Amino acid sequence: MRFNRMSKAVSILVAVTFLVAGAAAQKSNKHQHCQPVGGMLMTNLGAIDASTTMGPVTGDLKGSVSGTVVSTEVIGDNLVFHIQHHWVTESGDTLSFDQATATTRAVASGLYAIITYPVHLSGGTGKFAQVTGDFNNIGEVDLNSGQIVLRYSGQICFSNHD
């Protein structure tokens, strides 16, 4: 009988913990509105200098983007790019991103498939001043031609101003 009481007490404690955690999550998200975003970008390496790409973006964040390869490293069979993005939307707002890491694997000589490429949006200007977000990217990097094609998808969150 003692085990039964203890089991009930643990069950009640777990239920209360979930309720409190759920309420805290709702409160923290109360001042945010998140929405899914996605699209495609294609850039040419060397468009600005040997380490910087530039090209158009389609989809929810359409405009143009450039990415500067800050550094590269080889980890096992993977070529890893550390990239700083510069993004201007069609309306002229800028998007600010943390430095990103793209992990690739060779699929042919000079041709690399993106294995992982998470990107974090940390604000911007205009309507994107208080925006945050996280994207995942898939695509290919062709170092022979300097062409890069990516598909981005994720979500952005706007702060609600009461």
# chains A, B, ... in the order shown; residues from 1 in each chain; ligands from 1
call {"tool": "select_by_dssp", "arguments": {"residues": "chain A", "states": "alpha helix (DSSP H)", "output": "JSON, numbers by chain"}}
result
{"A": [2, 3, 4, 5, 6, 7, 8, 9, 10, 11, 12, 13, 14, 15, 16, 17, 18, 19, 20, 21, 22, 23, 24, 25, 26, 27, 28, 29]}
call {"tool": "residues_around", "arguments": {"residues": "Ala100 in chain A", "least_positions_apart": "6", "cutoff": "9 Å", "atoms": "only C-alpha atoms", "output": "PyMOL selection string"}}
result
chain A and resi 81-85+117-120
call {"tool": "atom_distance", "arguments": {"atom1": "CA of Thr132 in chain A", "atom2": "CA of Leu61 in chain A"}}
result
13.2 Å
call {"tool": "closest_residue", "arguments": {"among": "A:Thr104, A:Thr68, A:Gln35, A:Ser153", "to": "Ala47 in chain A", "atoms": "only C-alpha atoms"}}
result
A:Thr68
call {"tool": "atom_distance", "arguments": {"atom1": "CA of Ala50 in chain A", "atom2": "CA of Gly92 in chain A"}}
result
25.8 Å
call {"tool": "select_by_dssp", "arguments": {"residues": "range 16-162 of chain A", "states": "strand (DSSP E)", "output": "ChimeraX atom specification"}}
result
/A:32-49,52-57,63-75,78-89,94-97,100-108,111-116,118-124,132-142,147-159
call {"tool": "residues_around", "arguments": {"residues": "Arg105 in chain A", "least_positions_apart": "4", "cutoff": "8 Å", "atoms": "only C-alpha atoms", "output": "PyMOL selection string"}}
result
chain A and resi 77-79+112-115
call {"tool": "write_last_selection", "arguments": {"atoms": "C-alpha atoms", "output": "short mmCIF file (atom, residue, chain, number, x, y, z; two decimals), in the first residue's frame"}}
result
data_model
loop_
_atom_site.label_atom_id
_atom_site.label_comp_id
_atom_site.auth_asym_id
_atom_site.auth_seq_id
_atom_site.Cartn_x
_atom_site.Cartn_y
_atom_site.Cartn_z
CA ASP A 77 35.33 12.92 -45.20
CA ASN A 78 33.53 16.26 -44.92
CA LEU A 79 34.49 19.72 -46.17
CA TYR A 112 29.63 18.73 -52.76
CA ALA A 113 26.25 17.85 -51.24
CA ILE A 114 25.14 19.83 -48.19
CA ILE A 115 24.82 17.41 -45.26
#
call {"tool": "atom_distance", "arguments": {"atom1": "CA of Glu140 in chain A", "atom2": "CA of Phe97 in chain A"}}
result
20.6 Å
call {"tool": "residues_around", "arguments": {"residues": "Ser66 in chain A", "least_positions_apart": "4", "cutoff": "12 Å", "atoms": "only C-alpha atoms", "output": "NGL selection string"}}
result
:A and (41-49 or 51-57 or 83-89 or 94-97 or 148)
call {"tool": "residues_around", "arguments": {"residues": "Ile156 in chain A", "least_positions_apart": "5", "cutoff": "10 Å", "atoms": "only C-alpha atoms", "output": "list in words"}}
result
Gln32, His33, Cys34, Gln35, Pro36, Val37, His120, Leu121, Ser122, Gly123, Phe128, Val131, Thr132, Gly133, Asp134 and Phe135 of chain A
